[in-house]
Amino acid sequence: MSNARNTVLTAAGELFGQKDPNAVDRWVAADYTQHSTLAADGPEALRQLVAGLPEGFRYEGARVIADGDLVALHGTYHGFGPVPLVAFDVFRVDASGKLAEHWDALTPLVEDTASGRSQTDGPTEVTTPEETEANRALVAEFAQKVLVGADYSVLTDYISPETYEQHNPEAADGLDGFGAAAAKWAEQGKNLVYKTVHKVIAEGEFVLLQSEGEFGVAVAYYDLFRVQGGKIVEHWDVISPIPAELPHGNGLF
C-alpha cells in the first residue's frame, strides 16, 4: 500500500468513521487548502465539520485510486442530508504525510437507474497496475478529442462497442444507451460541454477525470473509467453544479 493511500484511508477513517475532531491534529497540514463547497479553508474548518457530523452519519467506501501524492475516494455519504450522497473525494498528501489539499463533488443517490446498476457498484480492486500509464494516456486522449473536442466520430477508438457498463443513473448500458441519454439531456437544454480537464488520476485499469464545463449550468464533472484491453468498458460519474459562492477563495478546481 502506498504511503499516500495509507495516509488518506487512515485519516478518513478517523475523521469520518470515528468522527474524531482530534484526528485533524494528527493528519491535516497547517496550510490545508480546501476546494469543497461544504467547508471553509484550513484545518479548523475541517475540525468544525467533523465535530458537527450527525449521529447517523457514515461513509460507505467503494474504491480507492492512488496516483503519486493524489488519492481519490469513491463512495457514499449517509446522514449528511435527507438522501445519501454519492461522492468523489480527492486528497493531496504532502511530503510530511499530512493531508494538504482536498477537492470533491457530490450528487444524490438514485435508487431507480436506467441501467439497473448503482452509482458505485462494479469492480473495485486494481488488478493491472502495469497498465497505469497506457490507460492514463488513452483516457487523456479521449478526454481531449471526444469530451473537450466533441468529435464523436472517433468514439469507438476509445470506448468498447461491445461492452460499456454504465453507472450514470440516467443512461443505460452501451453506446446506444449513452446516445439516447445525451439526446434526452439536449432536449432539456443540458448539452454535455467539457471545457477544461483539470486532473487525470490513474491506477491500473481505473482513470478518474476531474473536468470543468457546462450541463445546462456550470458544473464540475468527475468521470471514472475502467479500461480493459485498451478500451473503456465501464463508467461512473458525479456531475455537480458550481455554486455562485464558495466558503473559501480557492475555487472548485
# chains A, B, ... in the order shown; residues from 1 in each chain; ligands from 1
call {"tool": "residues_around", "arguments": {"residues": "Asp223 in chain A", "least_positions_apart": "6", "cutoff": "12 Å", "atoms": "only C-alpha atoms", "output": "number ranges by chain"}}
result
A: 72, 74, 87-88, 105, 119, 139-140, 142-143, 147, 166-168, 194, 197-202, 206-212, 232, 234-240
call {"tool": "residues_around", "arguments": {"residues": "Asp20 in chain A", "least_positions_apart": "5", "cutoff": "12 Å", "atoms": "only C-alpha atoms", "output": "short mmCIF file (atom, residue, chain, number, x, y, z; two decimals) with C-alpha atoms, in the first residue's frame"}}
result
data_model
loop_
_atom_site.label_atom_id
_atom_site.label_comp_id
_atom_site.auth_asym_id
_atom_site.auth_seq_id
_atom_site.Cartn_x
_atom_site.Cartn_y
_atom_site.Cartn_z
CA THR A 10 -6.34 6.11 7.96
CA ALA A 11 -7.13 9.82 8.19
CA ALA A 12 -10.56 9.45 6.57
CA GLY A 13 -11.35 6.52 8.86
CA GLU A 14 -10.58 8.56 11.96
CA LEU A 15 -12.23 11.77 10.72
CA ASP A 25 -4.14 17.42 14.62
CA ARG A 26 -2.65 14.08 13.57
CA TRP A 27 -3.39 14.08 9.86
CA LEU A 46 -12.47 20.73 8.87
CA ARG A 47 -12.41 20.20 12.64
CA GLN A 48 -15.73 22.04 12.92
CA LEU A 49 -17.22 19.98 10.08
CA VAL A 50 -16.22 16.70 11.76
CA ALA A 51 -17.40 17.88 15.20
CA GLY A 52 -20.80 18.71 13.70
CA LEU A 53 -21.42 15.39 11.96
#
call {"tool": "atom_distance", "arguments": {"atom1": "CA of Pro129 in chain A", "atom2": "CA of Glu141 in chain A"}}
result
19.5 Å
call {"tool": "atom_distance", "arguments": {"atom1": "CA of Glu55 in chain A", "atom2": "CA of Asn22 in chain A"}}
result
17.4 Å
call {"tool": "select_by_dssp", "arguments": {"residues": "range 47-126 of chain A", "states": "helix (DSSP H, G or I)", "output": "list of chain:residue names"}}
result
A:Arg47, A:Gln48, A:Leu49, A:Val50, A:Ala51
call {"tool": "residues_around", "arguments": {"residues": "Ser160 in chain A", "least_positions_apart": "2", "cutoff": "10 Å", "atoms": "only C-alpha atoms", "output": "PyMOL selection string"}}
result
chain A and resi 155-158+162-165+174-175+227-234
call {"tool": "closest_residue", "arguments": {"among": "A:Leu109, A:Glu205, A:Gly97, A:Asp121", "to": "Ala134 in chain A", "atoms": "only C-alpha atoms"}}
result
A:Glu205
call {"tool": "closest_residue", "arguments": {"among": "A:Val126, A:Val146, A:Ala172, A:Ala39", "to": "Trp103 in chain A", "atoms": "only C-alpha atoms"}}
result
A:Ala39
call {"tool": "residues_around", "arguments": {"residues": "His102 in chain A", "least_positions_apart": "2", "cutoff": "12 Å", "atoms": "only C-alpha atoms", "output": "VMD selection string"}}
result
chain A and resid 8 12 28 to 29 31 to 43 46 69 to 73 88 to 94 98 to 100 104 to 105 250 to 253
call {"tool": "write_last_selection", "arguments": {"atoms": "N, CA, C and O atoms", "output": "short mmCIF file (atom, residue, chain, number, x, y, z; two decimals), in the first residue's frame"}}
result
data_model
loop_
_atom_site.label_atom_id
_atom_site.label_comp_id
_atom_site.auth_asym_id
_atom_site.auth_seq_id
_atom_site.Cartn_x
_atom_site.Cartn_y
_atom_site.Cartn_z
N VAL A 8 -4.37 8.59 3.59
CA VAL A 8 -5.74 9.04 3.33
C VAL A 8 -6.76 8.09 3.95
O VAL A 8 -7.73 8.53 4.58
N ALA A 12 -9.13 9.43 6.85
CA ALA A 12 -10.56 9.45 6.57
C ALA A 12 -11.32 8.56 7.55
O ALA A 12 -12.43 8.89 7.99
N VAL A 28 -3.78 16.45 9.38
CA VAL A 28 -4.07 17.57 8.48
C VAL A 28 -3.00 18.65 8.60
O VAL A 28 -2.65 19.08 9.71
N ALA A 29 -2.47 19.07 7.45
CA ALA A 29 -1.42 20.09 7.42
C ALA A 29 -1.97 21.45 7.85
O ALA A 29 -3.15 21.75 7.66
N ASP A 31 -1.46 24.25 6.55
CA ASP A 31 -1.86 25.07 5.40
C ASP A 31 -2.85 24.34 4.50
O ASP A 31 -2.89 24.54 3.29
N TYR A 32 -3.68 23.48 5.11
CA TYR A 32 -4.67 22.67 4.39
C TYR A 32 -5.53 23.56 3.49
O TYR A 32 -6.16 24.52 3.93
N THR A 33 -5.56 23.23 2.19
CA THR A 33 -6.29 24.01 1.19
C THR A 33 -7.56 23.27 0.80
O THR A 33 -7.51 22.12 0.37
N GLN A 34 -8.69 23.95 0.94
CA GLN A 34 -9.99 23.33 0.73
C GLN A 34 -10.63 23.84 -0.58
O GLN A 34 -10.62 25.03 -0.85
N HIS A 35 -11.16 22.89 -1.39
CA HIS A 35 -11.89 23.24 -2.60
C HIS A 35 -13.35 22.80 -2.56
O HIS A 35 -14.08 23.00 -3.52
N SER A 36 -13.77 22.20 -1.47
CA SER A 36 -15.14 21.70 -1.35
C SER A 36 -16.13 22.84 -1.20
O SER A 36 -15.78 23.94 -0.76
N THR A 37 -17.39 22.56 -1.53
CA THR A 37 -18.47 23.53 -1.29
C THR A 37 -18.95 23.48 0.15
O THR A 37 -19.74 24.31 0.57
N LEU A 38 -18.45 22.50 0.92
CA LEU A 38 -19.02 22.23 2.24
C LEU A 38 -18.24 22.83 3.40
O LEU A 38 -18.74 22.86 4.53
N ALA A 39 -17.02 23.30 3.18
CA ALA A 39 -16.20 23.76 4.30
C ALA A 39 -15.31 24.92 3.88
O ALA A 39 -14.93 25.03 2.71
N ALA A 40 -14.98 25.74 4.85
CA ALA A 40 -14.04 26.84 4.61
C ALA A 40 -12.61 26.30 4.59
O ALA A 40 -12.37 25.11 4.81
N ASP A 41 -11.67 27.18 4.31
CA ASP A 41 -10.27 26.79 4.19
C ASP A 41 -9.67 26.46 5.56
O ASP A 41 -10.14 26.95 6.60
N GLY A 42 -8.64 25.62 5.56
CA GLY A 42 -7.85 25.39 6.76
C GLY A 42 -8.32 24.25 7.63
O GLY A 42 -9.46 23.78 7.54
N PRO A 43 -7.43 23.79 8.52
CA PRO A 43 -7.75 22.64 9.38
C PRO A 43 -8.87 22.91 10.39
O PRO A 43 -9.61 22.00 10.73
N LEU A 46 -12.25 22.18 8.97
CA LEU A 46 -12.47 20.73 8.87
C LEU A 46 -12.80 20.16 10.24
O LEU A 46 -13.68 19.29 10.36
N ASP A 69 1.06 11.61 -5.20
CA ASP A 69 0.61 12.26 -3.97
C ASP A 69 -0.88 12.51 -3.95
O ASP A 69 -1.40 13.11 -3.01
N LEU A 70 -1.61 12.05 -4.98
CA LEU A 70 -3.07 12.21 -5.04
C LEU A 70 -3.77 10.88 -4.77
O LEU A 70 -3.37 9.84 -5.31
N VAL A 71 -4.80 10.92 -3.97
CA VAL A 71 -5.60 9.73 -3.67
C VAL A 71 -7.07 10.09 -3.83
O VAL A 71 -7.55 11.06 -3.22
N ALA A 72 -7.77 9.34 -4.68
CA ALA A 72 -9.20 9.59 -4.92
C ALA A 72 -10.03 8.50 -4.24
O ALA A 72 -9.71 7.31 -4.33
N LEU A 73 -11.07 8.91 -3.56
CA LEU A 73 -12.03 8.01 -2.94
C LEU A 73 -13.36 8.13 -3.65
O LEU A 73 -13.80 9.24 -3.98
N PHE A 88 -17.08 11.76 -5.05
CA PHE A 88 -15.66 11.59 -5.29
C PHE A 88 -14.93 12.60 -4.40
O PHE A 88 -15.28 13.79 -4.38
N ASP A 89 -13.95 12.14 -3.66
CA ASP A 89 -13.07 12.99 -2.88
C ASP A 89 -11.65 12.77 -3.37
O ASP A 89 -11.22 11.62 -3.54
N VAL A 90 -10.92 13.85 -3.58
CA VAL A 90 -9.51 13.77 -3.97
C VAL A 90 -8.69 14.50 -2.93
O VAL A 90 -8.97 15.67 -2.61
N PHE A 91 -7.68 13.82 -2.38
CA PHE A 91 -6.78 14.42 -1.41
C PHE A 91 -5.36 14.46 -1.97
O PHE A 91 -4.92 13.51 -2.63
N ARG A 92 -4.65 15.54 -1.67
CA ARG A 92 -3.21 15.62 -1.94
C ARG A 92 -2.48 15.47 -0.60
O ARG A 92 -2.81 16.17 0.37
N VAL A 93 -1.52 14.57 -0.58
CA VAL A 93 -0.74 14.31 0.63
C VAL A 93 0.63 14.96 0.47
O VAL A 93 1.30 14.75 -0.55
N ASP A 94 1.06 15.73 1.46
CA ASP A 94 2.35 16.41 1.32
C ASP A 94 3.51 15.51 1.73
O ASP A 94 3.32 14.35 2.13
N LYS A 98 0.94 14.48 5.53
CA LYS A 98 -0.28 15.12 6.02
C LYS A 98 -1.21 15.45 4.85
O LYS A 98 -0.75 15.69 3.73
N LEU A 99 -2.51 15.48 5.11
CA LEU A 99 -3.47 15.91 4.11
C LEU A 99 -3.26 17.41 3.87
O LEU A 99 -3.39 18.21 4.80
N ALA A 100 -2.95 17.78 2.62
CA ALA A 100 -2.61 19.16 2.32
C ALA A 100 -3.64 19.88 1.47
O ALA A 100 -3.69 21.11 1.46
N ASP A 104 -13.74 17.83 -4.03
CA ASP A 104 -14.80 16.82 -4.03
C ASP A 104 -15.95 17.23 -4.93
O ASP A 104 -16.03 18.37 -5.41
N ALA A 105 -16.83 16.28 -5.16
CA ALA A 105 -18.09 16.51 -5.87
C ALA A 105 -19.09 15.48 -5.36
O ALA A 105 -18.75 14.31 -5.18
N ASN A 250 -10.63 29.49 -3.01
CA ASN A 250 -9.74 28.60 -3.76
C ASN A 250 -10.34 28.04 -5.05
O ASN A 250 -9.62 27.40 -5.82
N GLY A 251 -11.63 28.24 -5.30
CA GLY A 251 -12.28 27.64 -6.45
C GLY A 251 -12.50 26.16 -6.25
O GLY A 251 -11.97 25.56 -5.30
N LEU A 252 -13.27 25.54 -7.14
CA LEU A 252 -13.54 24.09 -7.03
C LEU A 252 -12.40 23.25 -7.57
O LEU A 252 -12.34 22.05 -7.30
N PHE A 253 -11.51 23.85 -8.37
CA PHE A 253 -10.50 23.05 -9.06
C PHE A 253 -9.07 23.38 -8.63
O PHE A 253 -8.14 22.73 -9.03
#
call {"tool": "closest_residue", "arguments": {"among": "A:Ala186, A:Val110, A:Ile159, A:Ala4", "to": "Pro84 in chain A", "atoms": "only C-alpha atoms"}}
result
A:Val110
